[in-house]
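Below is one structure, written out as structure tokens; comments come after it.
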Amino acid sequence: MTVAQPPAAPTGFPVGNAPCVVRANRAVNDRYRHLVLEAPPPLCRATPGQFFHLLCPPFVDNEPYLRRPMSVYRVAPEEQAIEFLYNVVGAGTRSLARLVAGDTMSVMGPLGTGFTIEPAYRHILMVARGVGLATMAPVVPWACRRGIRVTAILSARSPQDLMEREFAQREDIRVHPVFDQDGTSAVGRVEALLRGILDADRPDAMFTCGSNRLMTLLQRLGTEYGVYGEIALEQQMACGLGVCLCCVRPIRVGGEIEHQRVCCEGPVFDLQQVAGTWRHG
Amino acid sequence: MTVAQPPAAPTGFPVGNAPCVVRANRAVNDRYRHLVLEAPPPLCRATPGQFFHLLCPPFVDNEPYLRRPMSVYRVAPEEQAIEFLYNVVGAGTRSLARLVAGDTMSVMGPLGTGFTIEPAYRHILMVARGVGLATMAPVVPWACRRGIRVTAILSARSPQDLMEREFAQREDIRVHPVFDQDGTSAVGRVEALLRGILDADRPDAMFTCGSNRLMTLLQRLGTEYGVYGEIALEQQMACGLGVCLCCVRPIRVGGEIEHQRVCCEGPVFDLQQVAGTWRHG
Amino acid sequence: MVDLSVRVGALTLKNPVMPASGCFSHEFGQVFDLGRLGALVTKSVTPKLRKGNPIPRVAEVSQGMLNSIGIPSKGIDHYVRETVPLFAAHSSPLVASVSADTVAEFAQATAALSVPGVAVIEANISCPNLEADGHAFAMLPDTTYAAVSAIKRATPLPVWAKLTPNTGDIKAIALAAERAGADALVVANTILGMTIDVNSFRPTLGNVMGGLSGPAIKPIALRLVFQCAEVVSIPIIGCGGIARGEDVVEFMLAGATAVQVGTASFVHADAMIRILEELQAFCEARGIGRVADLVHRARVEHEPIEW
Amino acid sequence: MVDLSVRVGALTLKNPVMPASGCFSHEFGQVFDLGRLGALVTKSVTPKLRKGNPIPRVAEVSQGMLNSIGIPSKGIDHYVRETVPLFAAHSSPLVASVSADTVAEFAQATAALSVPGVAVIEANISCPNLEADGHAFAMLPDTTYAAVSAIKRATPLPVWAKLTPNTGDIKAIALAAERAGADALVVANTILGMTIDVNSFRPTLGNVMGGLSGPAIKPIALRLVFQCAEVVSIPIIGCGGIARGEDVVEFMLAGATAVQVGTASFVHADAMIRILEELQAFCEARGIGRVADLVHRARVEHEPIEW
Ligand SMILES: Cc1cc2nc3c(=O)[nH]c(=O)nc-3n(C[C@H](O)[C@H](O)[C@H](O)COP(=O)(O)OP(=O)(O)OC[C@H]3O[C@@H](n4cnc5c(N)ncnc54)[C@H](O)[C@@H]3O)c2cc1C
Ligand SMILES: Cc1cc2nc3c(=O)[nH]c(=O)nc-3n(C[C@H](O)[C@H](O)[C@H](O)COP(=O)(O)OP(=O)(O)OC[C@H]3O[C@@H](n4cnc5c(N)ncnc54)[C@H](O)[C@@H]3O)c2cc1C
Ligand SMILES: Cc1cc2nc3c(=O)[nH]c(=O)nc-3n(C[C@H](O)[C@H](O)[C@H](O)COP(=O)(O)O)c2cc1C
Ligand SMILES: Cc1cc2nc3c(=O)[nH]c(=O)nc-3n(C[C@H](O)[C@H](O)[C@H](O)COP(=O)(O)O)c2cc1C
Ligand code: FES
Ligand code: FES
């Protein structure tokens, strides 16, 4: 059973497209920001790993034309809120960073296929790098509420960049932070750490996002230890709905490589099926 | 001697191009708005009839790409202020209407050739229609301060649209308001009014802006009574500086029709030289 | 009430707004009621199986986007078996866009696509012609004529020929398509463009070049429609940069009988519905009783000087 | 310090940024120091006296503008007498853009323009050719060749041929200009477009159609430069939609040795200075010592599929 089975949308259409009011938009640290939107109920049905397609308002010269995909970091239907953690990298996210409470922006979603978290799991392992942890963070309360233990390896450039608190939220989970600064995030070191966990307390599944190197490592260890894994991928998007075929990534299906759409077959894929790495810019 | 002889610009360049901060932007009535900008000294050298080229910020979908020409309504070097009166008609002016105190916008100017007001004049006649009065308004304090009497005919749709107070500013001038609503603005009625003024108290010069019909009437009466006249014209612009040749209007020069640039030979032209009328949209 | 219906040849559409090929699929049904559209135009299919172009396939530009999707295709059989039934429940006619590498393949594919459920064949002749050095069929009158006439012979259905804006002589192409029997023209496809990432020095698209679409190209597409309408008498379906109801009015005034909306649907998934409502409101506000009355009514007082 | 100089044939420019013809005149001296520009390119002049096109001559569009100025001209003598001296005091070379209705007129005008003070003749062959039904010279290789070779024979000065993006085969045109002896190519002029006022039903330009320029056309112009650079070995001057320093980098990577800035100067009169400073900052930040090292350095790993 997948988590990603939202109740039927009240409007009759499963994907919402609505103006949302900004409640807060604050810097979390030097790199990342936290955006809280007031969203109508159909949008609050997002499940971990799903994303929204945000229309970034034109503030300056080089205004964003297309929408920007952003994983939901937190959904709180009781507060009519959806939340995002984002990194300012270009025109779209620069525009997001300029939003202030009271501003309105157009938001479409929830979109895509999220993480599969079987309620029967007892222990899951999460490996996140950089802003990838925003995508995985909603898994934490979901799992904890169902009594699933969570072990997480969080990788960042430096302790200042790590968003351990944002990741764990209010839950009691085991976190292993690793950093570029002190060399603990090197692949060899992370491998040793992972092997330790896999040997001592074999997880039922592994989830990852945010690093090609960690993906390759987890694919290898997943095969070796026979642990199922999932990964959330990114790709440039136009429609976000499965229409335009812009957002494909090569996925291995039955010995063949297929181009699958990150926006609807993904963003979450079977870790072992992902063929080849990809970097933006 | 023309008024339009600004002192040398401090920067060494006669035309300024500077970000200006919005001090106020208020509705004057249902149709017109009043914008006050804080401007650096080189911009405050504008003389009556000159204009600024405003870069309207992109607020929405259909954002303005080119600048918008706007006559200076008031210049107050002592307050470092330039002011505009404008009518919201399309994308550019809609964008202007959204500015709030504290916003910044890019302003280039002063541009163009303003009204010629000989200090030796004793009495001038001004005939303005609609937002055309914004263009002519700065003539009023200029003339009054030099002891020149001002008689003005202001034409508007209705009393609510008339900006008599905005036009007269704090000066003591004679104003004849005429309206579409009660038929007093009909060409025949205005002609009678004008003949009365021309007969009783012949002005040294006439100035007009804002109406093709009034222009034609004044051309006729100006010839008949031998009174020199000037008119401020409008035309779509790109550069505002005389470069692109977009903004031409047909002007009679020595029996020939020339295309002259509204942005630099104008916007103020000899009333009798203007050949043909023109309407936007 | 405004009568929004328009006639494209023998076919009457309930309104002039339909999607552009490659910018529509049944997934939009998650956001709005597909039955409200004038027609449903699907992504081009080719007889050969194709994977499409390398990634990245999209790049954002000023008021538009570049795409180099290519034409990934699972073949004609797959389309007939899987795609056609998806739209069976909708009252709007299904327009099957077809593309191929050779004239003969175009004809075969068209015949295979002419099944119940398909109302119109849209021939995407803006794709590379393998028999002519990879230049698109619609770059030259000869190859346009050859492709369209073969397609016409292969089907009893109406055939719409989709032209490319990359040609230097759109009028000659439009005339060739008309002579070859096209029932309507779709004007036009994307314009070839590119961008380069100044950090990596690499083209931003995996395929180096791609097609420019969106509001940036609207004035060019409108001009092409206007030029085609000067020379042909078959209906024209305008396409390129349409994002608002007033854009539809502009294209209709220039000579289009209907329009296709592409990229705008990526910005607002329900753009076509908004556009339709704006078009209706425009007509209502001006007392225009039939939207068809707008077609080719631009007031042009003199011959333009072209250069 | 970054070495900003570039060589366009025999001519060394102090930097690669210059204005586009029709988008520059001495009036910009009211806003910035003209001597900072790589070269000074004036509005096209024609041997015949011309009034230019009917008003309105400009219309705003998404991220760009349409113009139908035409080429108002007071003739070659007037240019030599009045315009050339305006720029005598500036160290930047003067590029005189010339246009004409026939090959013979082009040659005569070019000869008359080849006076001291003029450093380069830019042949605007994107204008209508009265001997070829009004199609622009640069629409076809033959007429391009005829015009450019006649112009070359008429002057000892370097000749830059300015191409039109409206052609369907830019590579053939570029090769024809090169064969005819052009010292450089300017790629490219405006793209034909139009808009219609939905209130009046009239075209917004007095001339109905006009040239599209500004950021909207940048991806198309960049693609044209890239395609020309694939086939010619003479320098290319990129033009179309350049508004920022990074745009210059993009054009240089695609194969341009220098660039021209048009419409951006109407939005910010000092745009060329800003662009120049941004270009310099870009190189400094990346340790690029010579801007010329950017030319044609796009990393293209495979042949693009064109269509
Ligand atoms: C499913 C999904 C979920 C995501 N979740 C998050 C998140 O929670 N937090 C976060 O900070 N970022 C997230 N991203 C990445 C985010 O979409 C990009 O950082 C953002 O689009 C960059 O836009 P820009 O205009 O600021 O950058 P620019 O580099 O200027 O963007 C240029 C173009 O490239 C695209 N692009 C650039 N980087 C990416 C990328 N990494 N993935 C996809 N498209 C990209 C942009 O959408 C735009 O079209 C996610 C991406 C995907 C696909
Ligand atoms: C020298 C000069 C002084 C002016 N002074 C004033 C003033 O003090 N107050 C005021 O309200 N208006 C004034 N105008 C008119 C003002 O420039 C236009 O109303 C404004 O440009 C409209 O822009 P928009 O985007 O709102 O309208 P739109 O109609 O959407 O504009 C579309 C295009 O047409 C141009 N345009 C539209 N109307 C005019 C016009 N009347 N004149 C020139 N270009 C036009 C716009 O600049 C734009 O490029 C002046 C015009 C000129 C030439
Ligand atoms: C992502 C994408 C895919 C496209 N695929 C096709 C296609 O398969 N066949 C076709 O004829 N046109 C295709 N087009 C072109 C569009 O149908 C349309 O002609 C073009 O995008 C211009 O319209 P627009 O500006 O409204 O998008 C595609 C366009 C885009 C943006
Ligand atoms: C108002 C205007 C006038 C122009 N006049 C000429 C001209 O006389 N000769 C010419 O070769 N190009 C002319 N052009 C084209 C420009 O030189 C340039 O090729 C084009 O605008 C694209 O560059 P841009 O996008 O930077 O403006 C003109 C362009 C504009 C906008
Ligand atoms: S973004 Fe359009 S198919 Fe995925
Ligand atoms: S607006 Fe450019 S010359 Fe007047």
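We name chains A, B, ... following the order of the structure tokens; residues begin at 1 in each chain, and ligands are numbered from 1 as shown.
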
Protein and nucleic residues near ligand 3, 6 Å, only C-alpha atoms and all ligand atoms, as a PDB file with N, CA and C atoms, in the first residue's frame:
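File written: part.pdb
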ATOM      1  N   CYS A 244       3.873  17.210 -21.163  1.00  0.00           N
ATOM      2  CA  CYS A 244       4.836  17.743 -22.129  1.00  0.00           C
ATOM      3  C   CYS A 244       6.029  16.834 -22.406  1.00  0.00           C
TER       4      CYS A 244
ATOM      5  N   ALA C  20      -2.678  22.697 -28.648  1.00  0.00           N
ATOM      6  CA  ALA C  20      -1.661  22.470 -29.678  1.00  0.00           C
ATOM      7  C   ALA C  20      -1.042  21.100 -29.436  1.00  0.00           C
ATOM      8  N   SER C  21      -0.677  20.437 -30.511  1.00  0.00           N
ATOM      9  CA  SER C  21      -0.081  19.105 -30.402  1.00  0.00           C
ATOM     10  C   SER C  21       1.172  19.142 -29.524  1.00  0.00           C
ATOM     11  N   GLY C  22       1.310  18.156 -28.661  1.00  0.00           N
ATOM     12  CA  GLY C  22       2.480  18.070 -27.787  1.00  0.00           C
ATOM     13  C   GLY C  22       2.294  18.847 -26.493  1.00  0.00           C
ATOM     14  N   CYS C  23       1.186  19.568 -26.422  1.00  0.00           N
ATOM     15  CA  CYS C  23       0.922  20.395 -25.237  1.00  0.00           C
ATOM     16  C   CYS C  23      -0.398  19.968 -24.612  1.00  0.00           C
ATOM     17  N   LYS C  43      -0.443  14.680 -29.065  1.00  0.00           N
ATOM     18  CA  LYS C  43       0.977  14.764 -29.424  1.00  0.00           C
ATOM     19  C   LYS C  43       1.228  13.961 -30.709  1.00  0.00           C
ATOM     20  N   SER C  44       2.092  14.464 -31.553  1.00  0.00           N
ATOM     21  CA  SER C  44       2.405  13.755 -32.796  1.00  0.00           C
ATOM     22  C   SER C  44       2.847  12.330 -32.516  1.00  0.00           C
ATOM     23  N   ASN C  67      11.859  23.858 -26.363  1.00  0.00           N
ATOM     24  CA  ASN C  67      11.769  22.435 -26.072  1.00  0.00           C
ATOM     25  C   ASN C  67      12.459  21.645 -27.154  1.00  0.00           C
ATOM     26  N   ILE C  71      10.057  13.565 -30.901  1.00  0.00           N
ATOM     27  CA  ILE C  71       8.752  12.920 -30.929  1.00  0.00           C
ATOM     28  C   ILE C  71       8.888  11.479 -30.443  1.00  0.00           C
ATOM     29  N   ASN C 124       1.889  16.907 -39.093  1.00  0.00           N
ATOM     30  CA  ASN C 124       2.990  17.723 -38.591  1.00  0.00           C
ATOM     31  C   ASN C 124       4.151  17.625 -39.569  1.00  0.00           C
ATOM     32  N   ALA C 188       1.344  28.268 -36.445  1.00  0.00           N
ATOM     33  CA  ALA C 188       2.459  27.483 -36.927  1.00  0.00           C
ATOM     34  C   ALA C 188       3.070  26.706 -35.757  1.00  0.00           C
ATOM     35  N   ASN C 189       4.087  25.964 -36.077  1.00  0.00           N
ATOM     36  CA  ASN C 189       4.864  25.199 -35.097  1.00  0.00           C
ATOM     37  C   ASN C 189       5.860  26.133 -34.371  1.00  0.00           C
ATOM     38  N   THR C 190       6.756  25.543 -33.628  1.00  0.00           N
ATOM     39  CA  THR C 190       7.756  26.327 -32.891  1.00  0.00           C
ATOM     40  C   THR C 190       8.856  26.865 -33.819  1.00  0.00           C
ATOM     41  N   SER C 213       8.570  28.611 -28.108  1.00  0.00           N
ATOM     42  CA  SER C 213       7.120  28.769 -28.056  1.00  0.00           C
ATOM     43  C   SER C 213       6.769  29.719 -26.929  1.00  0.00           C
ATOM     44  N   GLY C 214       5.506  30.086 -26.854  1.00  0.00           N
ATOM     45  CA  GLY C 214       5.052  30.990 -25.799  1.00  0.00           C
ATOM     46  C   GLY C 214       4.864  32.413 -26.308  1.00  0.00           C
ATOM     47  N   CYS C 239      -1.748  29.465 -34.231  1.00  0.00           N
ATOM     48  CA  CYS C 239      -1.053  28.849 -33.088  1.00  0.00           C
ATOM     49  C   CYS C 239       0.279  29.537 -32.866  1.00  0.00           C
ATOM     50  N   GLY C 240       0.532  29.911 -31.623  1.00  0.00           N
ATOM     51  CA  GLY C 240       1.816  30.524 -31.285  1.00  0.00           C
ATOM     52  C   GLY C 240       1.635  31.622 -30.263  1.00  0.00           C
ATOM     53  N   GLY C 241       1.912  31.316 -29.013  1.00  0.00           N
ATOM     54  CA  GLY C 241       1.935  32.359 -27.990  1.00  0.00           C
ATOM     55  C   GLY C 241       0.593  32.768 -27.445  1.00  0.00           C
ATOM     56  N   ILE C 242      -0.450  32.084 -27.815  1.00  0.00           N
ATOM     57  CA  ILE C 242      -1.784  32.488 -27.345  1.00  0.00           C
ATOM     58  C   ILE C 242      -1.925  32.172 -25.860  1.00  0.00           C
ATOM     59  N   VAL C 261      -3.714  26.293 -28.448  1.00  0.00           N
ATOM     60  CA  VAL C 261      -2.986  26.835 -27.305  1.00  0.00           C
ATOM     61  C   VAL C 261      -1.976  25.795 -26.839  1.00  0.00           C
ATOM     62  N   GLY C 262      -0.715  26.176 -26.780  1.00  0.00           N
ATOM     63  CA  GLY C 262       0.309  25.240 -26.355  1.00  0.00           C
ATOM     64  C   GLY C 262       0.878  25.597 -24.998  1.00  0.00           C
ATOM     65  N   THR C 263       1.973  26.315 -25.023  1.00  0.00           N
ATOM     66  CA  THR C 263       2.754  26.601 -23.833  1.00  0.00           C
ATOM     67  C   THR C 263       1.963  27.229 -22.687  1.00  0.00           C
ATOM     68  N   ALA C 264       0.970  28.043 -23.021  1.00  0.00           N
ATOM     69  CA  ALA C 264       0.200  28.700 -21.957  1.00  0.00           C
ATOM     70  C   ALA C 264      -0.389  27.675 -20.994  1.00  0.00           C
TER      71      ALA C 264
END

Test item: residues lying within 7 Å of ligand 6 with only C-alpha atoms and all ligand atoms, as a VMD selection string: chain B and resid 237 to 248 261 to 264

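Of the residues listed (A:Thr151, A:Thr104, A:Gln50, A:Thr93), A:Thr104 shows the shortest atom-to-atom separation from chain B; distances use only C-alpha atoms.
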
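The residue that comes closest to ligand 1, out of C:Pro16, C:Gly193, C:Gly70, C:Gly64 and on the basis of only C-alpha atoms and all ligand atoms, is C:Gly64.
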
For chain B, which residues have at least one atom within 10 Å of chain D, if we go by only C-alpha atoms? Write them as number ranges by chain, please. B: 9, 11-17, 53-55, 61-68, 106-109, 235-250, 257-259, 264, 278-281

Generate the output file for the selected residues, N, CA and C atoms, as a compact mmCIF listing (two decimals), in the first residue's frame.
# COMPACT_ATOMS: atom_id res chain seq x y z
N ALA B 9 24.06 69.71 -16.04
CA ALA B 9 23.81 68.64 -15.07
C ALA B 9 25.08 68.37 -14.29
N THR B 11 26.27 65.70 -13.13
CA THR B 11 26.98 64.49 -13.54
C THR B 11 27.77 64.71 -14.81
N GLY B 12 27.51 65.83 -15.49
CA GLY B 12 28.14 66.02 -16.77
C GLY B 12 27.25 65.58 -17.91
N PHE B 13 26.19 64.82 -17.61
CA PHE B 13 25.26 64.41 -18.65
C PHE B 13 23.93 65.10 -18.43
N PRO B 14 23.41 65.75 -19.46
CA PRO B 14 22.20 66.55 -19.26
C PRO B 14 20.96 65.72 -18.95
N VAL B 15 20.95 64.46 -19.34
CA VAL B 15 19.77 63.65 -19.05
C VAL B 15 20.11 62.65 -17.95
N GLY B 16 19.31 62.66 -16.90
CA GLY B 16 19.55 61.73 -15.80
C GLY B 16 18.79 60.43 -16.00
N ASN B 17 19.28 59.39 -15.37
CA ASN B 17 18.62 58.09 -15.42
C ASN B 17 18.87 57.49 -14.05
N HIS B 53 10.71 59.70 -18.72
CA HIS B 53 10.43 58.39 -19.30
C HIS B 53 10.50 57.39 -18.15
N LEU B 54 9.35 56.81 -17.83
CA LEU B 54 9.22 55.99 -16.62
C LEU B 54 9.24 54.51 -16.94
N LEU B 55 10.06 53.79 -16.22
CA LEU B 55 10.07 52.34 -16.37
C LEU B 55 9.07 51.77 -15.36
N ASP B 61 0.94 39.70 -15.12
CA ASP B 61 1.03 39.02 -16.41
C ASP B 61 1.70 39.82 -17.51
N ASN B 62 1.00 40.87 -17.88
CA ASN B 62 1.31 41.53 -19.13
C ASN B 62 2.19 42.72 -18.86
N GLU B 63 3.39 42.46 -18.40
CA GLU B 63 4.19 43.55 -17.86
C GLU B 63 4.72 44.46 -18.97
N PRO B 64 4.81 45.75 -18.65
CA PRO B 64 5.29 46.74 -19.62
C PRO B 64 6.76 46.50 -19.93
N TYR B 65 7.11 46.52 -21.20
CA TYR B 65 8.50 46.34 -21.58
C TYR B 65 9.18 47.69 -21.81
N LEU B 66 8.55 48.54 -22.57
CA LEU B 66 9.11 49.86 -22.85
C LEU B 66 8.77 50.83 -21.74
N ARG B 67 9.46 51.97 -21.72
CA ARG B 67 9.12 53.02 -20.77
C ARG B 67 7.84 53.73 -21.19
N ARG B 68 7.30 54.53 -20.28
CA ARG B 68 6.11 55.33 -20.58
C ARG B 68 6.45 56.80 -20.38
N SER B 106 12.70 53.28 -11.98
CA SER B 106 13.73 53.93 -12.78
C SER B 106 13.12 55.05 -13.60
N VAL B 107 13.72 56.23 -13.53
CA VAL B 107 13.18 57.42 -14.18
C VAL B 107 14.27 58.08 -15.00
N MET B 108 13.97 58.38 -16.26
CA MET B 108 14.95 59.08 -17.11
C MET B 108 14.40 60.44 -17.51
N GLY B 109 15.23 61.46 -17.41
CA GLY B 109 14.79 62.78 -17.84
C GLY B 109 15.62 63.86 -17.17
N GLN B 235 2.75 60.94 -28.64
CA GLN B 235 2.98 59.90 -29.63
C GLN B 235 3.65 58.72 -28.93
N GLN B 236 3.36 57.54 -29.41
CA GLN B 236 4.01 56.35 -28.88
C GLN B 236 5.54 56.52 -28.96
N MET B 237 6.23 56.11 -27.93
CA MET B 237 7.68 56.29 -27.90
C MET B 237 8.39 54.98 -27.56
N ALA B 238 9.62 54.88 -28.04
CA ALA B 238 10.48 53.83 -27.53
C ALA B 238 11.57 54.51 -26.71
N CYS B 239 12.55 55.14 -27.37
CA CYS B 239 13.73 55.63 -26.65
C CYS B 239 13.49 56.88 -25.81
N GLY B 240 12.65 57.79 -26.30
CA GLY B 240 12.43 59.04 -25.59
C GLY B 240 13.54 60.07 -25.75
N LEU B 241 14.57 59.72 -26.51
CA LEU B 241 15.77 60.55 -26.58
C LEU B 241 16.08 61.07 -27.98
N GLY B 242 15.25 60.68 -28.95
CA GLY B 242 15.52 61.15 -30.31
C GLY B 242 16.25 60.14 -31.17
N VAL B 243 16.44 58.94 -30.66
CA VAL B 243 17.26 57.95 -31.34
C VAL B 243 16.46 57.11 -32.35
N CYS B 244 15.29 56.64 -31.92
CA CYS B 244 14.65 55.55 -32.67
C CYS B 244 13.73 56.00 -33.79
N LEU B 245 13.31 57.26 -33.78
CA LEU B 245 12.41 57.80 -34.81
C LEU B 245 11.01 57.18 -34.78
N CYS B 246 10.64 56.63 -33.63
CA CYS B 246 9.31 56.04 -33.49
C CYS B 246 8.23 57.11 -33.35
N CYS B 247 8.57 58.22 -32.72
CA CYS B 247 7.58 59.12 -32.14
C CYS B 247 7.23 60.30 -33.02
N VAL B 248 7.43 60.17 -34.32
CA VAL B 248 7.26 61.34 -35.18
C VAL B 248 5.79 61.74 -35.36
N ARG B 249 5.60 63.02 -35.63
CA ARG B 249 4.30 63.56 -36.03
C ARG B 249 4.57 64.49 -37.22
N PRO B 250 3.61 64.61 -38.11
CA PRO B 250 3.82 65.49 -39.27
C PRO B 250 3.76 66.96 -38.87
N ILE B 257 5.96 69.19 -45.36
CA ILE B 257 5.63 68.41 -44.17
C ILE B 257 6.85 67.58 -43.78
N GLU B 258 7.29 67.77 -42.56
CA GLU B 258 8.42 66.98 -42.04
C GLU B 258 7.92 66.05 -40.95
N HIS B 259 8.59 64.92 -40.78
CA HIS B 259 8.32 64.09 -39.62
C HIS B 259 9.21 64.55 -38.49
N CYS B 264 11.96 64.93 -28.89
CA CYS B 264 13.03 65.93 -28.76
C CYS B 264 12.73 67.23 -29.47
N TRP B 278 -4.28 63.07 -34.64
CA TRP B 278 -3.85 61.72 -34.36
C TRP B 278 -4.51 61.24 -33.07
N ARG B 279 -5.00 60.04 -33.06
CA ARG B 279 -5.61 59.48 -31.85
C ARG B 279 -4.97 58.15 -31.50
N HIS B 280 -4.80 57.92 -30.23
CA HIS B 280 -4.28 56.61 -29.81
C HIS B 280 -5.39 55.58 -29.74
N GLY B 281 -5.08 54.36 -30.17
CA GLY B 281 -5.99 53.22 -29.96
C GLY B 281 -7.15 53.21 -30.95

Starting from chain D, keep only residues with some atom at most 7 Å from an atom of chain C, counting only C-alpha atoms, and report them as a PyMOL selection string. chain D and resi 62-63+126-128+135-136+166-168+192-196+198+201-203+207-209+215-216+219-220+222-223+246+249-250+298-300+304-305+307

Which residue is closest to chain B? Choose from A:Ala205, A:Val187, A:Leu133, A:Cys56 and count only C-alpha atoms.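 Once distances to chain B are computed over only C-alpha atoms, the minimum belongs to A:Cys56.
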
How would you write, as a short mmCIF file (atom, residue, chain, number, x, y, z; two decimals) with N, CA and C atoms, in the first residue's frame, the set of residues no farther than 6 Å from ligand 2 when counting only C-alpha atoms and all ligand atoms?
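Written file, part_20.cif:
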data_model
loop_
_atom_site.label_atom_id
_atom_site.label_comp_id
_atom_site.auth_asym_id
_atom_site.auth_seq_id
_atom_site.Cartn_x
_atom_site.Cartn_y
_atom_site.Cartn_z
N PHE B 51 9.15 66.14 -20.20
CA PHE B 51 8.59 64.89 -19.68
C PHE B 51 9.69 63.98 -19.16
N ARG B 68 7.30 54.53 -20.28
CA ARG B 68 6.11 55.33 -20.58
C ARG B 68 6.45 56.80 -20.38
N PRO B 69 6.14 57.64 -21.39
CA PRO B 69 6.40 59.07 -21.24
C PRO B 69 5.32 59.70 -20.36
N MET B 70 5.73 60.60 -19.51
CA MET B 70 4.79 61.26 -18.62
C MET B 70 5.28 62.68 -18.38
N SER B 71 4.45 63.65 -18.70
CA SER B 71 4.81 65.05 -18.47
C SER B 71 5.02 65.29 -17.01
N PHE B 84 3.71 63.69 -10.91
CA PHE B 84 2.98 63.37 -12.13
C PHE B 84 1.50 63.25 -11.83
N LEU B 85 0.68 63.60 -12.80
CA LEU B 85 -0.76 63.31 -12.74
C LEU B 85 -1.04 62.37 -13.89
N TYR B 86 -1.67 61.24 -13.61
CA TYR B 86 -1.85 60.32 -14.73
C TYR B 86 -3.20 59.61 -14.68
N ASN B 87 -3.53 59.13 -15.86
CA ASN B 87 -4.79 58.45 -16.09
C ASN B 87 -4.45 56.97 -16.32
N VAL B 88 -5.17 56.07 -15.68
CA VAL B 88 -4.88 54.65 -15.85
C VAL B 88 -5.60 54.14 -17.10
N VAL B 89 -4.82 53.84 -18.14
CA VAL B 89 -5.44 53.41 -19.41
C VAL B 89 -5.00 52.02 -19.86
N GLY B 90 -3.80 51.58 -19.48
CA GLY B 90 -3.31 50.30 -19.98
C GLY B 90 -2.29 49.69 -19.03
N ALA B 91 -1.50 48.77 -19.57
CA ALA B 91 -0.58 48.00 -18.73
C ALA B 91 0.39 48.89 -17.95
N GLY B 92 0.94 49.90 -18.61
CA GLY B 92 1.95 50.73 -17.97
C GLY B 92 1.38 51.56 -16.84
N THR B 93 0.30 52.23 -17.11
CA THR B 93 -0.29 53.08 -16.08
C THR B 93 -0.95 52.23 -14.99
N ARG B 94 -1.43 51.04 -15.34
CA ARG B 94 -1.93 50.13 -14.30
C ARG B 94 -0.80 49.77 -13.34
N VAL B 131 -6.44 64.77 -19.24
CA VAL B 131 -5.17 64.69 -18.55
C VAL B 131 -4.15 65.66 -19.14
N ALA B 134 -2.39 68.08 -16.93
CA ALA B 134 -1.19 67.73 -16.16
C ALA B 134 0.05 68.32 -16.83
N THR B 135 0.06 68.23 -18.16
CA THR B 135 1.19 68.71 -18.93
C THR B 135 1.34 70.23 -18.81
N GLU B 234 1.30 64.17 -28.18
CA GLU B 234 1.66 62.84 -27.68
C GLU B 234 1.94 61.92 -28.86
N GLN B 235 2.75 60.94 -28.64
CA GLN B 235 2.98 59.90 -29.63
C GLN B 235 3.65 58.72 -28.93
N GLN B 236 3.36 57.54 -29.41
CA GLN B 236 4.01 56.35 -28.88
C GLN B 236 5.54 56.52 -28.96
N PRO B 267 7.95 67.60 -26.87
CA PRO B 267 6.53 67.45 -27.20
C PRO B 267 5.82 68.76 -27.51
N HIS B 280 -4.80 57.92 -30.23
CA HIS B 280 -4.28 56.61 -29.81
C HIS B 280 -5.39 55.58 -29.74
N GLU D 60 4.34 47.81 -28.52
CA GLU D 60 4.99 46.99 -27.49
C GLU D 60 4.43 45.57 -27.52
#

Please list as a PyMOL selection string every residue within 12 Å of B:Met215, counting only C-alpha atoms and excluding residues in the same chain fewer than 2 positions away. chain B and resi 126-129+132+187+190-191+206-213+217-222+229-233+269-278

For the structure I just gave you, how does DSSP split stretch 19-244 of chain B - specifically, which residues are alpha helix (DSSP H)? Reply as number ranges by chain. B: 91-97, 132-136, 139-145, 164-168, 187-200, 212-225

Return the single residue from A:Val72, A:Leu35, A:Phe59, A:Phe167 that is closest to chain B, with distances computed using only C-alpha atoms. A:Phe59
